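Visitor: Here it is: the structure, laid out below.
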Amino acid sequence: MLHIVHHADYVARRPASGSFVFDKYQLVMEAIRDHAPRHIAYEPTPMERHWIEAVHDPDYVAQVLTATVPRTIERRIGFPVSAAIASRVCYTSGGTWLAARLALQHGYAANSAGGSHHALADTGAGYCVFNDLAITANRLLAQGDARKILIVDLDVHQGDGTAVLLAGREDIFTLSIHSERNFPTRKARSSRDIALPDGIEDDAYLAILDEALHEILPGFEPDLLLYQAGVDPHVDDRLGRLALTDAGLERRERMVIRRARGRGIAVASALGGGYGHDHRAVALRHARSMIAMADEASR
């Protein structure tokens, strides 16, 4: 059974400028309905403002919520922040938090959006407005829902915003495995960073991931793993520089679930990146990612 969080507001109207494709999130749910008949969909509520402000600068939060983000910041984000976008990012942050709560109950759950790992305290960047991973981790720990959280970021781009926002915390460990030569040009410092060369393929990638999980999980002992499950390491991704196949991505997802669940660690995934001219193909990659994780978690 796939427990998946989704809201209609994840699909905001495409802004007048910018290249980000919001209809992907509706296509993901269509693919889930077609390929995972045994799923339960949950609707999130918006993340409360005070939890967003616990991670982001209140002045920046006010700019987003009133759709008055300066043009300089909108350029860093990659699209203008309208009222619809402001609503959307509150729902996606609430969605990642709800997925985490469901994961603690069921072992695995997914948010059909989120993974906005480039957003910093006072600015968005790289298609990210609020950092749902950092907001969720901070709230779960503050409310006593988790004792330690491991954030595993396997997007092709480094999780720089997550690294900066959560730096120095002993109750959160951030792992980012990403393309060395991809965005952002100036990397942050995660708890553990692994930068990969261009064109790395399935077996080499999975060996690196397996070694990292074997090293981190026993030493840190988290009770929740937040997983940024970007599919942009795929060989056909428009913005990636790596060379994973469909089979490689499925092996990756099953490995993350198997290593975590083998230690009794709940896993909540957020969608992360995936880019291409064929939007349905990208959406199907995301759907297959979540389906594989739910299947592995049920074993």
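Ordered as shown in the structure tokens, chains take letters A, B, and onward, while each chain numbers its residues from 1 and ligands are numbered from 1 in the order shown.
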Excluding A:Gly95 and its own-chain neighbours fewer than 4 positions away, which residues fall within 6 Å of it when counting only C-alpha atoms? Please give them as an MDAnalysis selection string.
Guide: chainID A and resid 5 44 91 111
Visitor: Take the residues just selected and output them with N, CA and C atoms as a PDB file, in the first residue's frame.
Guide:
```
ATOM      1  N   VAL A   5       0.714  11.750  -0.135  1.00  0.00           N
ATOM      2  CA  VAL A   5       0.107  13.042   0.191  1.00  0.00           C
ATOM      3  C   VAL A   5       0.049  13.877  -1.083  1.00  0.00           C
ATOM      4  N   PRO A  44      -3.005  17.420   2.643  1.00  0.00           N
ATOM      5  CA  PRO A  44      -2.370  18.161   3.724  1.00  0.00           C
ATOM      6  C   PRO A  44      -3.081  19.476   4.004  1.00  0.00           C
ATOM      7  N   TYR A  91       1.301  24.567   1.169  1.00  0.00           N
ATOM      8  CA  TYR A  91       0.746  23.217   1.103  1.00  0.00           C
ATOM      9  C   TYR A  91       1.833  22.156   0.909  1.00  0.00           C
ATOM     10  N   ASN A 111       5.372  12.315  -0.191  1.00  0.00           N
ATOM     11  CA  ASN A 111       4.727  13.547  -0.621  1.00  0.00           C
ATOM     12  C   ASN A 111       4.879  13.627  -2.134  1.00  0.00           C
TER      13      ASN A 111
END
```
Visitor: What parts of stretch 137-223 of chain A does DSSP call alpha helix (DSSP H)? I'd like the answer as a PDB file with C-alpha atoms, in the first residue's frame.
Guide:
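Now in part_9.pdb:
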```
ATOM      1  CA  ALA A 137      12.696  18.198  10.332  1.00  0.00           C
ATOM      2  CA  ASN A 138      12.694  21.152  12.718  1.00  0.00           C
ATOM      3  CA  ARG A 139       8.984  20.771  13.523  1.00  0.00           C
ATOM      4  CA  LEU A 140       9.138  17.022  14.090  1.00  0.00           C
ATOM      5  CA  LEU A 141      12.033  17.393  16.500  1.00  0.00           C
ATOM      6  CA  ALA A 142      10.530  20.381  18.291  1.00  0.00           C
ATOM      7  CA  ASP A 160      22.802  23.380  -0.316  1.00  0.00           C
ATOM      8  CA  GLY A 161      19.897  25.159   1.352  1.00  0.00           C
ATOM      9  CA  THR A 162      19.132  22.206   3.610  1.00  0.00           C
ATOM     10  CA  ALA A 163      22.811  21.970   4.565  1.00  0.00           C
ATOM     11  CA  VAL A 164      23.030  25.647   5.512  1.00  0.00           C
ATOM     12  CA  LEU A 165      19.707  25.849   7.361  1.00  0.00           C
ATOM     13  CA  ASP A 202      24.129   2.485 -12.010  1.00  0.00           C
ATOM     14  CA  ASP A 203      26.582   0.090 -10.367  1.00  0.00           C
ATOM     15  CA  ALA A 204      29.183   2.680  -9.376  1.00  0.00           C
ATOM     16  CA  TYR A 205      26.507   5.059  -8.068  1.00  0.00           C
ATOM     17  CA  LEU A 206      24.783   2.372  -6.015  1.00  0.00           C
ATOM     18  CA  ALA A 207      28.052   1.150  -4.519  1.00  0.00           C
ATOM     19  CA  ILE A 208      28.788   4.694  -3.296  1.00  0.00           C
ATOM     20  CA  LEU A 209      25.304   5.071  -1.839  1.00  0.00           C
ATOM     21  CA  ASP A 210      25.432   1.675  -0.145  1.00  0.00           C
ATOM     22  CA  GLU A 211      28.772   2.458   1.493  1.00  0.00           C
ATOM     23  CA  ALA A 212      27.513   5.820   2.749  1.00  0.00           C
ATOM     24  CA  LEU A 213      24.383   4.337   4.287  1.00  0.00           C
ATOM     25  CA  HIS A 214      26.391   1.549   5.921  1.00  0.00           C
ATOM     26  CA  GLU A 215      28.667   4.155   7.500  1.00  0.00           C
ATOM     27  CA  ILE A 216      26.040   6.675   8.619  1.00  0.00           C
ATOM     28  CA  LEU A 217      23.045   4.657   9.816  1.00  0.00           C
ATOM     29  CA  PRO A 218      24.744   2.642  12.609  1.00  0.00           C
ATOM     30  CA  GLY A 219      26.654   5.645  13.944  1.00  0.00           C
ATOM     31  CA  PHE A 220      23.912   8.271  13.849  1.00  0.00           C
TER      32      PHE A 220
END
```
Visitor: List every residue of stretch 163-268 of chain A that DSSP, applied to the backbone of this structure, assigns to strand (DSSP E), and report them as a PyMOL selection string.
Guide: chain A and resi 172-179+192-196+224-228+266-268
Visitor: How about saving the chosen residues, N, CA and C atoms kept, as a short mmCIF file (atom, residue, chain, number, x, y, z; two decimals), in the first residue's frame?
Guide:
```
data_model
loop_
_atom_site.label_atom_id
_atom_site.label_comp_id
_atom_site.auth_asym_id
_atom_site.auth_seq_id
_atom_site.Cartn_x
_atom_site.Cartn_y
_atom_site.Cartn_z
N ILE A 172 20.27 16.30 13.63
CA ILE A 172 19.98 16.16 12.20
C ILE A 172 21.29 15.90 11.47
N PHE A 173 21.30 14.90 10.60
CA PHE A 173 22.45 14.60 9.75
C PHE A 173 22.00 14.77 8.30
N THR A 174 22.77 15.55 7.53
CA THR A 174 22.43 15.77 6.12
C THR A 174 23.46 15.08 5.22
N LEU A 175 22.96 14.20 4.36
CA LEU A 175 23.78 13.52 3.36
C LEU A 175 23.34 13.96 1.98
N SER A 176 24.27 14.46 1.18
CA SER A 176 23.97 14.86 -0.19
C SER A 176 24.93 14.15 -1.14
N ILE A 177 24.37 13.38 -2.07
CA ILE A 177 25.15 12.72 -3.12
C ILE A 177 24.68 13.34 -4.44
N HIS A 178 25.56 14.05 -5.12
CA HIS A 178 25.15 14.91 -6.22
C HIS A 178 26.23 15.00 -7.29
N SER A 179 25.87 15.62 -8.39
CA SER A 179 26.82 15.85 -9.48
C SER A 179 27.78 16.98 -9.10
N ARG A 192 27.63 15.28 5.36
CA ARG A 192 28.44 14.45 4.47
C ARG A 192 28.06 14.77 3.03
N ASP A 193 29.04 15.16 2.23
CA ASP A 193 28.84 15.43 0.82
C ASP A 193 29.65 14.44 -0.01
N ILE A 194 29.02 13.91 -1.06
CA ILE A 194 29.71 13.05 -2.01
C ILE A 194 29.43 13.61 -3.40
N ALA A 195 30.47 14.19 -4.01
CA ALA A 195 30.33 14.80 -5.34
C ALA A 195 30.76 13.79 -6.39
N LEU A 196 29.91 13.59 -7.37
CA LEU A 196 30.12 12.54 -8.37
C LEU A 196 30.59 13.12 -9.70
N LEU A 224 14.02 8.53 11.93
CA LEU A 224 13.31 8.92 10.73
C LEU A 224 14.31 9.32 9.66
N LEU A 225 14.05 8.90 8.42
CA LEU A 225 14.86 9.30 7.27
C LEU A 225 13.96 10.12 6.34
N LEU A 226 14.31 11.37 6.14
CA LEU A 226 13.65 12.21 5.14
C LEU A 226 14.44 12.08 3.85
N TYR A 227 13.76 11.67 2.80
CA TYR A 227 14.45 11.32 1.56
C TYR A 227 14.06 12.26 0.43
N GLN A 228 15.01 13.01 -0.09
CA GLN A 228 14.81 13.83 -1.27
C GLN A 228 15.10 12.93 -2.46
N ALA A 266 11.77 4.74 9.94
CA ALA A 266 10.71 5.17 9.02
C ALA A 266 11.31 6.05 7.93
N VAL A 267 10.69 6.00 6.74
CA VAL A 267 11.16 6.79 5.60
C VAL A 267 10.00 7.59 5.01
N ALA A 268 10.22 8.90 4.87
CA ALA A 268 9.27 9.77 4.17
C ALA A 268 10.00 10.40 3.00
#
```
Visitor: Between atom CA of A:Arg88 and atom CA of A:His50, what is the distance, to one decimal in Å?
Guide: 16.8 Å
Visitor: Given the choices A:Leu271, A:Ile52, A:Ala121, A:Ala110, which gets closest to A:His39 if the distance is worked out from only C-alpha atoms?
Guide: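 For A:His39, the nearest of the candidates is A:Ala110.
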Visitor: Which residues, written as a PyMOL selection string, have at least one atom at most 10 Å from stretch 46-49 of chain A, with only C-alpha atoms counted and residues fewer than 5 positions away on the same chain left out?
Guide: chain A and resi 7+54+56+58+61-62+65+87-98+132+135-136
Visitor: Report as a ChimeraX atom specification all protein, DNA and RNA residues lying within 12 Å of A:Gly240, evaluated on only C-alpha atoms, omitting residues in the same chain fewer than 3 positions from it.
Guide: /A:154-158,178-183,196-200,230-237,243-244,273-276
Visitor: Restricting it to C-alpha atoms, dump the selection as a PDB file, in the first residue's frame.
Guide:
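In the end it all went to again-v4.pdb:
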```pdb
ATOM      1  CA  LEU A 154      19.910  12.067  -3.882  1.00  0.00           C
ATOM      2  CA  ASP A 155      18.857  14.820  -6.262  1.00  0.00           C
ATOM      3  CA  VAL A 156      21.461  15.462  -8.969  1.00  0.00           C
ATOM      4  CA  HIS A 157      21.944  18.926  -7.442  1.00  0.00           C
ATOM      5  CA  GLN A 158      23.472  19.446  -4.001  1.00  0.00           C
ATOM      6  CA  HIS A 178      25.149  14.914  -6.218  1.00  0.00           C
ATOM      7  CA  SER A 179      26.819  15.853  -9.476  1.00  0.00           C
ATOM      8  CA  GLU A 180      30.085  17.667  -8.807  1.00  0.00           C
ATOM      9  CA  ARG A 181      29.788  20.002 -11.809  1.00  0.00           C
ATOM     10  CA  ASN A 182      26.081  20.800 -11.563  1.00  0.00           C
ATOM     11  CA  PHE A 183      24.116  23.582  -9.841  1.00  0.00           C
ATOM     12  CA  LEU A 196      30.125  12.542  -8.365  1.00  0.00           C
ATOM     13  CA  PRO A 197      31.851  12.827 -11.751  1.00  0.00           C
ATOM     14  CA  ASP A 198      29.869  13.277 -14.937  1.00  0.00           C
ATOM     15  CA  GLY A 199      28.324  10.184 -16.476  1.00  0.00           C
ATOM     16  CA  ILE A 200      28.482   7.848 -13.482  1.00  0.00           C
ATOM     17  CA  GLY A 230      14.975  13.434  -7.119  1.00  0.00           C
ATOM     18  CA  VAL A 231      14.924  11.473 -10.379  1.00  0.00           C
ATOM     19  CA  ASP A 232      17.206  13.930 -12.194  1.00  0.00           C
ATOM     20  CA  PRO A 233      20.265  11.617 -11.967  1.00  0.00           C
ATOM     21  CA  HIS A 234      18.537   9.781 -14.844  1.00  0.00           C
ATOM     22  CA  VAL A 235      20.545   9.535 -18.052  1.00  0.00           C
ATOM     23  CA  ASP A 236      17.816  11.317 -20.050  1.00  0.00           C
ATOM     24  CA  ASP A 237      17.259  14.177 -17.605  1.00  0.00           C
ATOM     25  CA  ALA A 243      23.650   8.348 -16.198  1.00  0.00           C
ATOM     26  CA  LEU A 244      21.287   6.253 -14.077  1.00  0.00           C
ATOM     27  CA  GLY A 273      13.872  17.220  -9.247  1.00  0.00           C
ATOM     28  CA  GLY A 274      13.168  15.669 -12.600  1.00  0.00           C
ATOM     29  CA  TYR A 275      13.262  17.596 -15.867  1.00  0.00           C
ATOM     30  CA  GLY A 276      12.617  16.826 -19.505  1.00  0.00           C
TER      31      GLY A 276
END
```
Visitor: Counting only C-alpha atoms, which residues in stretch 92-165 of chain A sit no more than 12 Å from stretch 245-265 of chain A? For each one, give the nearest pair of atoms and the distance in Å, sorted by chain then residue number, as a Markdown table.
Guide:
```
| residue | atom | partner | partner_atom | distance |
| --- | --- | --- | --- | --- |
| A:Ala100 | CA | A:Ile265 | CA | 11.5 |
| A:Ala103 | CA | A:Ile265 | CA | 9.3 |
| A:Leu104 | CA | A:Ile265 | CA | 8.4 |
| A:Gln105 | CA | A:Ile265 | CA | 11.1 |
| A:His106 | CA | A:Ile265 | CA | 10.8 |
| A:Gly107 | CA | A:Arg261 | CA | 7.4 |
| A:Tyr108 | CA | A:Ile257 | CA | 8.2 |
| A:Ala109 | CA | A:Ile257 | CA | 11.0 |
| A:Ala146 | CA | A:Ile265 | CA | 10.6 |
| A:Arg147 | CA | A:Ile265 | CA | 11.5 |
| A:Lys148 | CA | A:Ile265 | CA | 10.4 |
| A:Ile149 | CA | A:Ile265 | CA | 9.6 |
| A:Leu150 | CA | A:Ile265 | CA | 9.7 |
| A:Ile151 | CA | A:Val256 | CA | 11.5 |
| A:Val152 | CA | A:Val256 | CA | 8.9 |
| A:Asp153 | CA | A:Val256 | CA | 11.0 |
| A:Leu154 | CA | A:Arg252 | CA | 9.3 |
| A:Asp155 | CA | A:Leu249 | CA | 11.3 |
```
Visitor: May I have the residues from that selection written out with N, CA and C atoms, as a compact mmCIF listing (two decimals), in the first residue's frame?
Guide:
```txt
# COMPACT_ATOMS: atom_id res chain seq x y z
N ALA A 100 5.80 12.65 6.63
CA ALA A 100 6.68 12.18 7.71
C ALA A 100 5.87 11.56 8.85
N ALA A 103 4.69 8.27 7.71
CA ALA A 103 5.79 7.31 7.68
C ALA A 103 6.06 6.74 9.06
N LEU A 104 6.00 7.59 10.08
CA LEU A 104 6.21 7.11 11.44
C LEU A 104 5.14 6.10 11.85
N GLN A 105 3.97 6.19 11.22
CA GLN A 105 2.88 5.27 11.52
C GLN A 105 2.94 4.00 10.67
N HIS A 106 3.29 4.16 9.38
CA HIS A 106 3.19 3.05 8.43
C HIS A 106 4.55 2.51 7.96
N GLY A 107 5.63 3.18 8.26
CA GLY A 107 6.95 2.74 7.82
C GLY A 107 7.46 3.51 6.63
N TYR A 108 6.59 3.79 5.66
CA TYR A 108 6.95 4.61 4.49
C TYR A 108 5.74 5.39 4.03
N ALA A 109 5.97 6.64 3.63
CA ALA A 109 4.94 7.47 3.01
C ALA A 109 5.64 8.49 2.12
N ALA A 146 10.20 12.92 16.67
CA ALA A 146 11.43 12.19 16.33
C ALA A 146 12.54 12.67 17.25
N ARG A 147 13.52 11.80 17.43
CA ARG A 147 14.68 12.12 18.27
C ARG A 147 15.86 12.55 17.43
N LYS A 148 16.09 11.83 16.32
CA LYS A 148 17.15 12.16 15.36
C LYS A 148 16.62 11.93 13.95
N ILE A 149 17.00 12.80 13.04
CA ILE A 149 16.53 12.70 11.65
C ILE A 149 17.72 12.72 10.70
N LEU A 150 17.74 11.76 9.80
CA LEU A 150 18.72 11.73 8.71
C LEU A 150 18.03 12.21 7.44
N ILE A 151 18.59 13.23 6.80
CA ILE A 151 18.09 13.69 5.51
C ILE A 151 19.02 13.18 4.43
N VAL A 152 18.49 12.33 3.57
CA VAL A 152 19.26 11.76 2.46
C VAL A 152 18.80 12.46 1.18
N ASP A 153 19.69 13.19 0.55
CA ASP A 153 19.37 13.98 -0.64
C ASP A 153 20.10 13.37 -1.83
N LEU A 154 19.32 12.72 -2.71
CA LEU A 154 19.91 12.07 -3.88
C LEU A 154 19.50 12.75 -5.18
N ASP A 155 19.05 13.98 -5.08
CA ASP A 155 18.86 14.82 -6.26
C ASP A 155 20.20 15.00 -6.96
```
Visitor: Could you pull the residues within 6 Å of A:Val11, counting only C-alpha atoms, minus those fewer than 2 positions along the same chain, as a PDB file with C-alpha atoms, in the first residue's frame?
Guide:
```pdb
ATOM      1  CA  ASP A   9      -2.850  23.417  -5.046  1.00  0.00           C
ATOM      2  CA  PHE A  22       3.944  22.795 -12.478  1.00  0.00           C
ATOM      3  CA  ASP A  23       1.672  20.373 -14.335  1.00  0.00           C
TER       4      ASP A  23
END
```
Visitor: Give the answer as one residue: which of A:Thr185, A:Ser112, A:Gln63, A:Thr68 has the shortest atom-to-atom distance to A:Met29, using only C-alpha atoms?
Guide: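 Using only C-alpha atoms, A:Met29 sits closest to A:Ser112.
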Visitor: Find the distance between atom CA of A:His118 and atom CA of A:His3 and write it in Å to one decimal.
Guide: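 Taking atom CA of A:His118 as the start and atom CA of A:His3 as the end point, the length is 26.0 Å.
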Visitor: For A:Ala283, list every protein, DNA or RNA residue within 9 Å, evaluated using only C-alpha atoms, and leave out those in the same chain fewer than 3 positions away; present the list as a ChimeraX atom specification.
Guide: /A:24-31,274,278-280,286-288
